[in-house]
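entry31.txt follows (compact mmCIF, C-alpha atoms):
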# COMPACT_ATOMS: atom_id res chain seq x y z
CA MET A 48 28.09 8.36 16.00
CA VAL A 49 25.64 11.12 15.16
CA LYS A 50 26.63 14.71 15.74
CA ASN A 51 23.92 17.30 15.93
CA ALA A 52 23.64 20.79 14.53
CA LEU A 53 21.63 22.39 17.25
CA MET A 54 20.65 21.61 20.80
CA ASP A 55 17.98 23.74 22.42
CA LYS A 56 17.67 24.53 26.11
CA SER A 57 15.67 21.40 26.85
CA GLY A 58 18.49 19.30 25.39
CA THR A 59 16.54 18.33 22.29
CA HIS A 60 18.60 17.63 19.21
CA GLY A 61 17.59 19.38 16.05
CA ALA A 62 18.60 20.98 12.79
CA SER A 63 17.25 23.28 10.10
CA GLY A 64 17.80 23.73 6.41
CA GLY A 65 16.28 24.67 3.10
CA CYS A 66 16.78 25.51 -0.54
CA GLN A 67 19.09 28.10 -2.07
CA CYS A 68 16.48 30.80 -2.63
CA GLY A 69 14.83 30.38 0.78
CA ALA A 70 11.32 29.66 -0.53
CA ILE A 71 11.47 26.30 1.25
CA ARG A 72 12.71 25.74 4.79
CA TYR A 73 12.52 22.72 7.05
CA ARG A 74 13.10 21.80 10.67
CA ILE A 75 14.20 18.55 12.29
CA ASP A 76 13.38 17.97 15.95
CA GLY A 77 15.47 14.98 16.88
CA PRO A 78 18.75 13.39 15.88
CA LEU A 79 19.98 13.01 12.33
CA GLY A 80 20.10 9.38 11.21
CA ARG A 81 22.17 7.27 8.85
CA ALA A 82 24.01 9.29 6.23
CA SER A 83 25.52 8.04 2.99
CA ILE A 84 26.43 9.07 -0.52
CA CYS A 85 24.81 7.31 -3.48
CA HIS A 86 26.51 6.99 -6.87
CA CYS A 87 23.61 5.42 -8.79
CA ARG A 88 22.72 6.91 -12.17
CA MET A 89 19.32 8.02 -10.85
CA CYS A 90 20.96 10.07 -8.10
CA GLN A 91 23.58 11.41 -10.54
CA LYS A 92 20.85 12.72 -12.79
CA ALA A 93 18.58 14.05 -10.03
CA PHE A 94 21.49 15.95 -8.46
CA GLY A 95 23.35 16.75 -11.71
CA ASN A 96 26.45 15.49 -9.97
CA PHE A 97 28.60 12.50 -8.98
CA GLY A 98 25.55 11.27 -7.06
CA ALA A 99 23.60 12.19 -3.95
CA PRO A 100 24.52 12.83 -0.31
CA LEU A 101 21.58 11.82 1.85
CA VAL A 102 20.79 11.70 5.56
CA GLY A 103 17.78 9.85 6.94
CA VAL A 104 15.42 11.53 9.40
CA PRO A 105 12.16 10.08 10.80
CA ARG A 106 9.16 11.79 9.16
CA ALA A 107 7.70 12.12 12.64
CA ASN A 108 10.53 14.50 13.59
CA PHE A 109 10.48 16.49 10.36
CA ALA A 110 8.41 19.48 9.24
CA TRP A 111 8.40 21.99 6.40
CA THR A 112 8.47 25.39 8.07
CA ARG A 113 8.22 27.57 4.95
CA GLY A 114 6.80 26.70 1.56
CA ALA A 115 6.30 23.24 0.11
CA PRO A 116 8.58 21.30 -2.24
CA ALA A 117 7.63 20.09 -5.70
CA THR A 118 8.16 16.39 -6.33
CA PHE A 119 9.17 14.24 -9.28
CA ARG A 120 8.50 10.51 -9.13
CA SER A 121 11.80 9.22 -10.52
CA SER A 122 10.72 5.59 -10.29
CA ALA A 123 7.53 3.80 -9.30
CA PRO A 124 8.19 3.80 -5.52
CA VAL A 125 10.38 6.91 -5.12
CA ALA A 126 9.55 10.62 -5.01
CA ARG A 127 12.26 13.27 -5.17
CA GLY A 128 11.60 16.73 -3.78
CA PHE A 129 13.03 20.02 -4.98
CA CYS A 130 12.36 23.74 -4.93
CA ARG A 131 10.42 24.85 -7.97
CA ASP A 132 11.77 28.39 -7.63
CA CYS A 133 15.51 27.65 -7.52
CA GLY A 134 15.85 23.94 -8.28
CA THR A 135 17.71 22.84 -5.16
CA PRO A 136 17.33 19.06 -4.77
CA LEU A 137 15.92 18.60 -1.25
CA PHE A 138 14.98 15.01 -0.54
CA MET A 139 14.24 11.48 -1.65
CA GLN A 140 11.28 9.59 -0.19
CA GLU A 141 10.48 5.96 -0.80
CA ASP A 142 6.82 4.96 -0.46
CA GLY A 143 6.15 3.47 2.94
CA ASP A 144 9.52 4.51 4.41
CA ALA A 145 9.24 6.07 7.86
CA ASN A 146 12.33 8.15 7.04
CA ILE A 147 12.79 11.06 4.66
CA GLU A 148 16.24 11.20 3.07
CA LEU A 149 17.46 14.81 3.01
CA ALA A 150 20.10 16.27 0.70
CA ILE A 151 22.92 16.88 3.18
CA ALA A 152 24.14 20.24 1.89
CA THR A 153 20.66 21.72 2.24
CA LEU A 154 21.20 21.56 6.01
CA ASP A 155 22.24 24.91 7.47
CA ASP A 156 25.14 22.97 8.99
CA PRO A 157 26.15 20.10 6.68
CA ASN A 158 28.96 19.26 9.12
CA ALA A 159 26.34 18.00 11.57
CA VAL A 160 26.17 14.81 9.52
CA GLU A 161 28.50 11.88 9.88
CA LEU A 162 28.68 9.80 6.71
CA VAL A 163 28.92 6.04 7.14
CA ALA A 164 28.77 4.52 3.65
CA GLN A 165 28.79 4.94 -0.11
CA VAL A 166 26.21 2.99 -2.08
CA GLY A 167 25.50 2.39 -5.76
CA VAL A 168 29.24 2.08 -6.42
CA GLU A 169 28.56 0.15 -9.65
CA SER A 170 27.94 3.60 -11.21
CA LYS A 171 30.78 5.46 -9.49
CA LEU A 172 32.49 7.91 -11.84
CA ALA A 173 36.19 7.25 -12.42
CA TRP A 174 37.28 10.73 -11.29
CA PHE A 175 35.54 10.52 -7.92
CA ASP A 176 38.28 8.88 -5.89
CA GLY A 177 40.98 11.39 -6.87
CA MET A 178 39.05 14.65 -6.43
CA ALA A 179 40.65 15.70 -3.17
CA HIS A 180 44.03 16.02 -4.89
CA LEU A 181 42.98 18.34 -7.72
CA PRO A 182 44.71 21.75 -7.85
CA ARG A 183 42.92 24.20 -5.57
CA GLU A 184 41.71 27.78 -5.85
CA THR A 185 39.62 29.97 -3.59
CA THR A 186 36.50 31.68 -4.91
CA ASN A 187 38.18 35.07 -5.09
CA GLU A 188 41.15 33.74 -7.04
CA ASN A 189 38.79 32.12 -9.49
CA ASN A 190 36.37 34.99 -9.83
CA PRO A 191 37.57 38.58 -9.73
CA ALA A 192 33.98 39.79 -10.11
CA ALA A 193 33.03 38.08 -6.85
CA ALA A 194 35.90 39.84 -5.11
CA GLY A 195 34.83 43.22 -6.48
CA GLY A 196 31.95 45.45 -5.49
CA ARG A 197 29.40 44.11 -7.99
CA TYR A 198 28.80 40.86 -6.17
CA ARG A 199 25.76 40.50 -3.97
CA THR A 200 24.54 37.08 -2.86
CA LEU A 201 20.84 36.31 -3.19
CA GLN A 202 21.13 33.01 -1.34
CA HIS A 203 19.13 32.47 1.82
CA PRO A 204 21.41 32.57 4.90
CA ASP A 205 22.23 29.38 6.80
CA HIS A 206 19.67 30.03 9.53
CA ASP A 207 15.93 30.58 9.77
CA THR A 208 14.63 34.04 8.91
CA GLU A 209 11.40 35.71 9.92
CA HIS A 210 10.98 37.34 6.53
CA TRP A 211 12.70 36.52 3.25
CA PRO A 212 13.79 37.99 0.95
CA MET B 142 37.87 16.87 -25.64
CA THR B 143 34.44 16.05 -26.99
CA THR B 144 33.08 18.18 -29.79
CA HIS B 145 29.47 17.01 -29.42
CA ALA B 146 27.78 16.17 -26.17
CA THR B 147 24.17 15.83 -25.08
CA GLY B 148 22.47 15.84 -21.75
CA GLY B 149 19.41 16.91 -19.83
CA CYS B 150 17.40 16.66 -16.69
CA GLN B 151 16.14 13.56 -14.94
CA CYS B 152 12.55 13.70 -16.23
CA GLY B 153 13.55 14.54 -19.82
CA ALA B 154 11.59 17.82 -20.07
CA VAL B 155 14.82 19.74 -20.73
CA ARG B 156 17.53 18.53 -23.11
CA TYR B 157 20.66 20.22 -24.40
CA ARG B 158 23.44 19.74 -26.93
CA ILE B 159 26.94 21.18 -26.85
CA ASP B 160 28.57 21.67 -30.26
CA GLY B 161 32.17 22.44 -29.55
CA PRO B 162 34.94 21.69 -27.10
CA PHE B 163 34.49 21.41 -23.36
CA ASN B 164 36.19 24.04 -21.25
CA ASN B 165 37.43 24.03 -17.64
CA PRO B 166 35.96 20.86 -16.11
CA HIS B 167 35.98 21.45 -12.36
CA ILE B 168 34.32 20.95 -9.03
CA CYS B 169 33.33 23.88 -6.81
CA HIS B 170 33.01 23.77 -3.03
CA CYS B 171 31.63 27.26 -2.47
CA ARG B 172 28.57 27.44 -0.21
CA MET B 173 26.51 28.78 -3.13
CA CYS B 174 27.25 25.68 -5.21
CA GLN B 175 26.73 23.41 -2.21
CA LYS B 176 23.28 24.87 -1.65
CA ALA B 177 22.26 25.00 -5.31
CA PHE B 178 23.24 21.34 -5.77
CA GLY B 179 22.28 20.16 -2.25
CA ASN B 180 25.65 18.49 -2.28
CA TYR B 181 29.23 18.57 -1.04
CA PHE B 182 30.26 20.38 -4.22
CA ALA B 183 29.14 21.13 -7.75
CA ALA B 184 30.71 19.32 -10.71
CA LEU B 185 30.65 21.51 -13.81
CA VAL B 186 32.06 21.67 -17.31
CA GLY B 187 32.00 24.74 -19.52
CA SER B 188 31.45 25.56 -23.14
CA LEU B 189 31.00 28.76 -25.09
CA LYS B 190 27.48 30.09 -24.52
CA GLU B 191 26.94 30.12 -28.30
CA ASN B 192 27.74 26.38 -28.44
CA LEU B 193 25.09 25.30 -25.91
CA HIS B 194 21.68 24.64 -27.45
CA TRP B 195 18.57 23.80 -25.45
CA THR B 196 17.08 21.20 -27.79
CA LYS B 197 13.95 20.31 -25.80
CA GLY B 198 12.14 22.52 -23.34
CA GLN B 199 13.85 25.36 -21.53
CA PRO B 200 15.43 25.50 -18.10
CA SER B 201 14.15 27.81 -15.42
CA PHE B 202 16.75 30.17 -14.00
CA PHE B 203 17.47 31.33 -10.48
CA ARG B 204 19.69 34.34 -9.98
CA SER B 205 21.73 33.12 -7.02
CA SER B 206 23.76 36.32 -6.91
CA SER B 207 23.85 39.64 -8.70
CA ILE B 208 26.22 38.25 -11.35
CA VAL B 209 25.15 34.61 -11.81
CA GLN B 210 22.25 32.64 -13.25
CA ARG B 211 21.70 28.98 -12.44
CA GLY B 212 19.50 26.84 -14.68
CA PHE B 213 17.39 23.89 -13.53
CA CYS B 214 14.39 21.85 -14.62
CA ARG B 215 11.17 23.16 -13.14
CA ASP B 216 9.53 19.74 -13.51
CA CYS B 217 12.11 17.55 -11.75
CA GLY B 218 14.62 19.95 -10.18
CA THR B 219 17.82 18.71 -11.82
CA PRO B 220 20.48 21.43 -11.56
CA LEU B 221 21.58 22.03 -15.16
CA SER B 222 23.70 25.13 -15.70
CA PHE B 223 25.75 27.94 -14.21
CA ALA B 224 26.84 31.14 -15.93
CA TYR B 225 28.33 34.49 -14.99
CA ASP B 226 26.51 37.29 -16.81
CA HIS B 227 29.77 38.76 -18.04
CA SER B 228 31.32 35.50 -19.28
CA LYS B 229 31.41 34.04 -22.78
CA HIS B 230 31.10 30.63 -21.15
CA ILE B 231 28.32 28.64 -19.56
CA ALA B 232 28.86 25.50 -17.51
CA VAL B 233 26.59 22.47 -17.38
CA SER B 234 26.38 20.04 -14.49
CA ILE B 235 28.52 17.00 -15.24
CA GLY B 236 25.92 14.61 -13.82
CA SER B 237 23.34 15.88 -16.32
CA LEU B 238 25.50 14.83 -19.29
CA ASP B 239 24.35 11.64 -21.02
CA ASP B 240 27.92 10.45 -20.58
CA PRO B 241 29.27 11.98 -17.37
CA SER B 242 32.36 9.77 -17.62
CA ALA B 243 33.43 11.76 -20.72
CA VAL B 244 34.55 14.64 -18.49
CA THR B 245 37.20 14.60 -15.78
CA PRO B 246 37.37 17.59 -13.42
CA GLU B 247 40.80 19.25 -13.46
CA ARG B 248 40.54 21.84 -10.66
CA GLN B 249 38.68 22.44 -7.42
CA TYR B 250 37.37 25.93 -6.70
CA GLY B 251 35.87 27.50 -3.61
CA VAL B 252 38.20 25.56 -1.33
CA GLU B 253 37.57 28.10 1.45
CA SER B 254 34.22 26.32 1.94
CA ARG B 255 35.44 22.76 1.40
CA LEU B 256 33.68 20.54 3.93
CA PRO B 257 35.88 18.37 6.16
CA ALA B 258 34.04 15.21 5.09
CA PHE B 259 34.93 15.81 1.43
CA ALA B 260 38.48 14.46 1.57
CA HIS B 261 37.19 11.17 3.00
CA LEU B 262 34.19 10.49 0.77
CA HIS B 263 36.07 7.92 -1.30
CA GLU B 264 37.19 6.07 1.84
CA LEU B 265 33.64 5.24 2.93
CA GLU B 266 32.74 1.59 2.81
CA GLY B 267 31.05 0.90 -0.54
CA SER B 268 28.23 -1.34 -1.68
CA ARG B 269 26.44 -2.02 -4.96
CA THR B 270 22.75 -1.25 -5.50
CA GLU B 271 21.86 -4.93 -5.89
CA ASP B 272 23.51 -5.65 -2.52
CA ASP B 273 21.28 -3.13 -0.75
CA VAL B 274 17.98 -3.43 -2.61
CA PRO B 275 16.11 -6.76 -2.41
CA PRO B 276 15.25 -8.33 -5.81
CA GLU B 277 11.49 -7.85 -5.25
CA MET B 278 12.11 -4.14 -4.73
CA MET B 279 14.37 -3.95 -7.80
CA ALA B 280 11.53 -5.50 -9.80
CA LYS B 281 9.22 -2.68 -8.71
CA LEU B 282 11.73 0.05 -9.46
CA ARG B 283 10.48 0.91 -12.99
CA SER B 284 12.60 3.94 -13.71
CA ARG B 285 10.87 7.05 -14.99
CA GLN B 286 14.21 8.69 -15.77
CA GLN B 287 14.95 9.95 -19.27
CA PRO B 288 17.38 7.49 -20.90
CA ASP B 289 20.93 8.74 -21.48
CA ARG B 290 20.26 9.77 -25.10
CA ASP B 291 17.95 12.02 -27.11
What would you get if you wrote out this structure as C-alpha cells?
Amino acid sequence: MVKNALMDKSGTHGASGGCQCGAIRYRIDGPLGRASICHCRMCQKAFGNFGAPLVGVPRANFAWTRGAPATFRSSAPVARGFCRDCGTPLFMQEDGDANIELAIATLDDPNAVELVAQVGVESKLAWFDGMAHLPRETTNENNPAAAGGRYRTLQHPDHDTEHWP
Amino acid sequence: MTTHATGGCQCGAVRYRIDGPFNNPHICHCRMCQKAFGNYFAALVGSLKENLHWTKGQPSFFRSSSIVQRGFCRDCGTPLSFAYDHSKHIAVSIGSLDDPSAVTPERQYGVESRLPAFAHLHELEGSRTEDDVPPEMMAKLRSRQQPDRD
C-alpha cells in the first residue's frame, strides 16, 4: 500500500522534505503512513486552498533536520506548523497523537505517498470534482517571463543541502 | 463576478478586501506553487493590484523567484497572495476568501508538474468530519479560526 521515497543501503525506508525557502527541513526514517485529503473549512483556511493533503508519520521516526517550524493553535487540541520565513504549511499535530500529519507536497517526492481517503467532505468546494478537466497550460505558455532569462528560482531544491542558500 | 470580496488568514491577523472584479481564477500545479502551498496545487484568483486592500495587519512576503512575491501570514502561515513584479494583477488564495465557493477555477497551469494522484483526488472514498471525529472530541474542538467575515 505504502510506497517509499528513499531506501538506504540497510533497506530502511525514509523520506525528506521541507518548506519552500529551505529554512526548515525534515527527515523521516521509516515508512509513510495513512494519507488523505481534508476538505474541512479549518484546513481550507490553513492551506489557503481546497483543503489539506496530509500523510501521517510516527513522531518517533520523524526529526527536524534544519530550523524549527512556527505553530498556530487552530483549535484547542490542534497545532499547525509552518515556516515563518516563507509561510509553507508543514504539518498538523493533534495533542496526544503519536503521529505527525505532514503536508504532502512539502515532501521532496510527493509521489511517494498513496492517498486512501478524502475527509471533511461536508465542506467540499463545488469545483473540486471537475478540476482535472479544466483547460491546461504549461508554465512557459502562461508566463513568458519565466521562459525568458530574467527568471531565477529561489526555492530550495527537492533534496537535502549542506548549505542553503 | 463579484465586485466586493473579503478574506484573510486562519488566525485573523491579516485581512483583505477586493474592490473590483475577479480575474483569471485558476489552479497551478507548478512545483513552486506545490511547495509554497504544501499541496497538490495552488488555487488562486486575481484582481488588479490597486483593488486589493490589506484591511488588517500586513502579510509577510517571500520572494520565491526573481520575479515573484508570495504573501503569507507570519502568525499562522496561511498562504495569501501571489504576484509577478511586472504584472498589474495580484492573485489571492481561493481558500483564504471568506466565501471560497464564490470563485470557480477556469484553467489549470503548470501542467508539466501535475502530480499523477491529482486526477484521482475526487475518486477517493469520502467521509464527513462528524463520521471521523467522536462527539467528545468535537466538543473539545473550540475553533480559534477567524470567522468568515470581518
ask   = chain B residues within 6 Å of chain A, counting all atoms listed in the file: which ones, as a count of residues only?
value = 42
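Between atom CA of Arg211 of chain B and atom CA of Ala115 of chain A lies a distance of 20.7 Å.
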query = Which distance in Å separates atom CA of Phe182 of chain B and atom CA of Ala258 of chain B, to one decimal?
reply =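 Between atom CA of Phe182 of chain B and atom CA of Ala258 of chain B the gap is 11.3 Å.
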request  = Go through B:Asp226, B:Glu271, B:Glu247, B:Asp289 one by one, measure the shortest atom-to-atom distance of each to Cys152 of chain B using all atoms listed in the file, and give the residue with the smallest value.
outcome  =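 Once distances to Cys152 of chain B are computed over all atoms listed in the file, the minimum belongs to B:Asp289.
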key: Residue nearest Ala70 of chain A among A:Arg106, A:Ala82, A:Asp142, A:Trp111 (counting all atoms listed in the file)   =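 For Ala70 of chain A, the nearest of the candidates is A:Trp111.
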request  = Please indicate the distance in Å from atom CA of Tyr225 of chain B to atom CA of Ser254 of chain B, rounded to one decimal place.
outcome  =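 The value is 19.7 Å.
Between Gln199 of chain B and the residues B:Asp273, B:Tyr157, B:Val186, B:Val233, the shortest atom-to-atom distance, using all atoms listed in the file, involves B:Tyr157.
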Please rebuild segment 156-167 of chain B with all heavy atoms and give the result as a PDB file, in the coordinates of the input.
ATOM      1  N   ARG B 156      16.386  19.195 -22.494  1.00  0.00           N
ATOM      2  CA  ARG B 156      17.530  18.530 -23.110  1.00  0.00           C
ATOM      3  C   ARG B 156      18.432  19.591 -23.737  1.00  0.00           C
ATOM      4  O   ARG B 156      17.976  20.649 -24.156  1.00  0.00           O
ATOM      5  CB  ARG B 156      17.057  17.560 -24.203  1.00  0.00           C
ATOM      6  CG  ARG B 156      16.187  16.405 -23.697  1.00  0.00           C
ATOM      7  CD  ARG B 156      16.999  15.313 -23.047  1.00  0.00           C
ATOM      8  NE  ARG B 156      17.947  14.730 -23.999  1.00  0.00           N
ATOM      9  CZ  ARG B 156      19.000  14.005 -23.632  1.00  0.00           C
ATOM     10  NH1 ARG B 156      19.253  13.770 -22.358  1.00  0.00           N
ATOM     11  NH2 ARG B 156      19.823  13.513 -24.545  1.00  0.00           N
ATOM     12  N   TYR B 157      19.728  19.270 -23.783  1.00  0.00           N
ATOM     13  CA  TYR B 157      20.660  20.220 -24.400  1.00  0.00           C
ATOM     14  C   TYR B 157      21.690  19.484 -25.251  1.00  0.00           C
ATOM     15  O   TYR B 157      21.893  18.270 -25.119  1.00  0.00           O
ATOM     16  CB  TYR B 157      21.345  21.085 -23.340  1.00  0.00           C
ATOM     17  CG  TYR B 157      22.200  20.338 -22.339  1.00  0.00           C
ATOM     18  CD1 TYR B 157      23.492  19.923 -22.650  1.00  0.00           C
ATOM     19  CD2 TYR B 157      21.719  20.053 -21.064  1.00  0.00           C
ATOM     20  CE1 TYR B 157      24.279  19.241 -21.729  1.00  0.00           C
ATOM     21  CE2 TYR B 157      22.503  19.373 -20.125  1.00  0.00           C
ATOM     22  CZ  TYR B 157      23.776  18.975 -20.471  1.00  0.00           C
ATOM     23  OH  TYR B 157      24.547  18.290 -19.560  1.00  0.00           O
ATOM     24  N   ARG B 158      22.345  20.262 -26.120  1.00  0.00           N
ATOM     25  CA  ARG B 158      23.440  19.740 -26.930  1.00  0.00           C
ATOM     26  C   ARG B 158      24.553  20.774 -26.923  1.00  0.00           C
ATOM     27  O   ARG B 158      24.291  21.985 -27.018  1.00  0.00           O
ATOM     28  CB  ARG B 158      22.968  19.494 -28.358  1.00  0.00           C
ATOM     29  CG  ARG B 158      23.991  18.742 -29.234  1.00  0.00           C
ATOM     30  CD  ARG B 158      23.512  18.558 -30.668  1.00  0.00           C
ATOM     31  NE  ARG B 158      23.560  19.820 -31.385  1.00  0.00           N
ATOM     32  CZ  ARG B 158      22.500  20.435 -31.898  1.00  0.00           C
ATOM     33  NH1 ARG B 158      21.305  19.900 -31.807  1.00  0.00           N
ATOM     34  NH2 ARG B 158      22.633  21.608 -32.510  1.00  0.00           N
ATOM     35  N   ILE B 159      25.775  20.298 -26.777  1.00  0.00           N
ATOM     36  CA  ILE B 159      26.940  21.180 -26.850  1.00  0.00           C
ATOM     37  C   ILE B 159      27.688  20.849 -28.135  1.00  0.00           C
ATOM     38  O   ILE B 159      28.092  19.701 -28.352  1.00  0.00           O
ATOM     39  CB  ILE B 159      27.864  20.979 -25.622  1.00  0.00           C
ATOM     40  CG1 ILE B 159      27.133  21.415 -24.344  1.00  0.00           C
ATOM     41  CG2 ILE B 159      29.171  21.754 -25.792  1.00  0.00           C
ATOM     42  CD1 ILE B 159      27.842  21.009 -23.066  1.00  0.00           C
ATOM     43  N   ASP B 160      27.810  21.842 -29.018  1.00  0.00           N
ATOM     44  CA  ASP B 160      28.570  21.670 -30.260  1.00  0.00           C
ATOM     45  C   ASP B 160      29.866  22.447 -30.118  1.00  0.00           C
ATOM     46  O   ASP B 160      29.884  23.663 -30.336  1.00  0.00           O
ATOM     47  CB  ASP B 160      27.784  22.216 -31.460  1.00  0.00           C
ATOM     48  CG  ASP B 160      26.509  21.435 -31.696  1.00  0.00           C
ATOM     49  OD1 ASP B 160      26.548  20.196 -31.575  1.00  0.00           O
ATOM     50  OD2 ASP B 160      25.474  22.057 -31.995  1.00  0.00           O
ATOM     51  N   GLY B 161      30.913  21.753 -29.740  1.00  0.00           N
ATOM     52  CA  GLY B 161      32.170  22.440 -29.550  1.00  0.00           C
ATOM     53  C   GLY B 161      32.899  21.858 -28.357  1.00  0.00           C
ATOM     54  O   GLY B 161      32.353  21.015 -27.653  1.00  0.00           O
ATOM     55  N   PRO B 162      34.127  22.306 -28.142  1.00  0.00           N
ATOM     56  CA  PRO B 162      34.940  21.690 -27.100  1.00  0.00           C
ATOM     57  C   PRO B 162      34.470  22.042 -25.683  1.00  0.00           C
ATOM     58  O   PRO B 162      33.930  23.122 -25.456  1.00  0.00           O
ATOM     59  CB  PRO B 162      36.334  22.265 -27.350  1.00  0.00           C
ATOM     60  CG  PRO B 162      36.094  23.540 -28.082  1.00  0.00           C
ATOM     61  CD  PRO B 162      34.839  23.359 -28.876  1.00  0.00           C
ATOM     62  N   PHE B 163      34.694  21.123 -24.771  1.00  0.00           N
ATOM     63  CA  PHE B 163      34.490  21.410 -23.360  1.00  0.00           C
ATOM     64  C   PHE B 163      35.580  22.356 -22.876  1.00  0.00           C
ATOM     65  O   PHE B 163      36.684  22.403 -23.428  1.00  0.00           O
ATOM     66  CB  PHE B 163      34.565  20.123 -22.527  1.00  0.00           C
ATOM     67  CG  PHE B 163      33.369  19.236 -22.627  1.00  0.00           C
ATOM     68  CD1 PHE B 163      33.523  17.853 -22.731  1.00  0.00           C
ATOM     69  CD2 PHE B 163      32.080  19.757 -22.580  1.00  0.00           C
ATOM     70  CE1 PHE B 163      32.424  17.020 -22.803  1.00  0.00           C
ATOM     71  CE2 PHE B 163      30.974  18.927 -22.649  1.00  0.00           C
ATOM     72  CZ  PHE B 163      31.148  17.550 -22.761  1.00  0.00           C
ATOM     73  N   ASN B 164      35.257  23.083 -21.817  1.00  0.00           N
ATOM     74  CA  ASN B 164      36.190  24.040 -21.250  1.00  0.00           C
ATOM     75  C   ASN B 164      36.149  23.922 -19.719  1.00  0.00           C
ATOM     76  O   ASN B 164      35.080  23.784 -19.129  1.00  0.00           O
ATOM     77  CB  ASN B 164      35.744  25.449 -21.740  1.00  0.00           C
ATOM     78  CG  ASN B 164      36.145  26.562 -20.800  1.00  0.00           C
ATOM     79  OD1 ASN B 164      35.398  26.899 -19.890  1.00  0.00           O
ATOM     80  ND2 ASN B 164      37.304  27.109 -21.015  1.00  0.00           N
ATOM     81  N   ASN B 165      37.307  23.919 -19.092  1.00  0.00           N
ATOM     82  CA  ASN B 165      37.430  24.030 -17.640  1.00  0.00           C
ATOM     83  C   ASN B 165      36.539  23.081 -16.829  1.00  0.00           C
ATOM     84  O   ASN B 165      35.711  23.526 -16.035  1.00  0.00           O
ATOM     85  CB  ASN B 165      37.141  25.491 -17.218  1.00  0.00           C
ATOM     86  CG  ASN B 165      37.480  25.731 -15.755  1.00  0.00           C
ATOM     87  OD1 ASN B 165      38.324  25.045 -15.187  1.00  0.00           O
ATOM     88  ND2 ASN B 165      36.818  26.695 -15.144  1.00  0.00           N
ATOM     89  N   PRO B 166      36.709  21.779 -16.988  1.00  0.00           N
ATOM     90  CA  PRO B 166      35.960  20.860 -16.110  1.00  0.00           C
ATOM     91  C   PRO B 166      36.464  21.006 -14.675  1.00  0.00           C
ATOM     92  O   PRO B 166      37.668  20.990 -14.440  1.00  0.00           O
ATOM     93  CB  PRO B 166      36.304  19.474 -16.672  1.00  0.00           C
ATOM     94  CG  PRO B 166      37.589  19.654 -17.409  1.00  0.00           C
ATOM     95  CD  PRO B 166      37.610  21.073 -17.918  1.00  0.00           C
ATOM     96  N   HIS B 167      35.546  21.179 -13.735  1.00  0.00           N
ATOM     97  CA  HIS B 167      35.980  21.450 -12.360  1.00  0.00           C
ATOM     98  C   HIS B 167      34.900  21.054 -11.362  1.00  0.00           C
ATOM     99  O   HIS B 167      33.750  20.799 -11.740  1.00  0.00           O
ATOM    100  CB  HIS B 167      36.319  22.929 -12.194  1.00  0.00           C
ATOM    101  CG  HIS B 167      35.131  23.843 -12.293  1.00  0.00           C
ATOM    102  ND1 HIS B 167      34.642  24.287 -13.497  1.00  0.00           N
ATOM    103  CD2 HIS B 167      34.331  24.384 -11.341  1.00  0.00           C
ATOM    104  CE1 HIS B 167      33.589  25.079 -13.281  1.00  0.00           C
ATOM    105  NE2 HIS B 167      33.377  25.144 -11.977  1.00  0.00           N
TER     106      HIS B 167
END
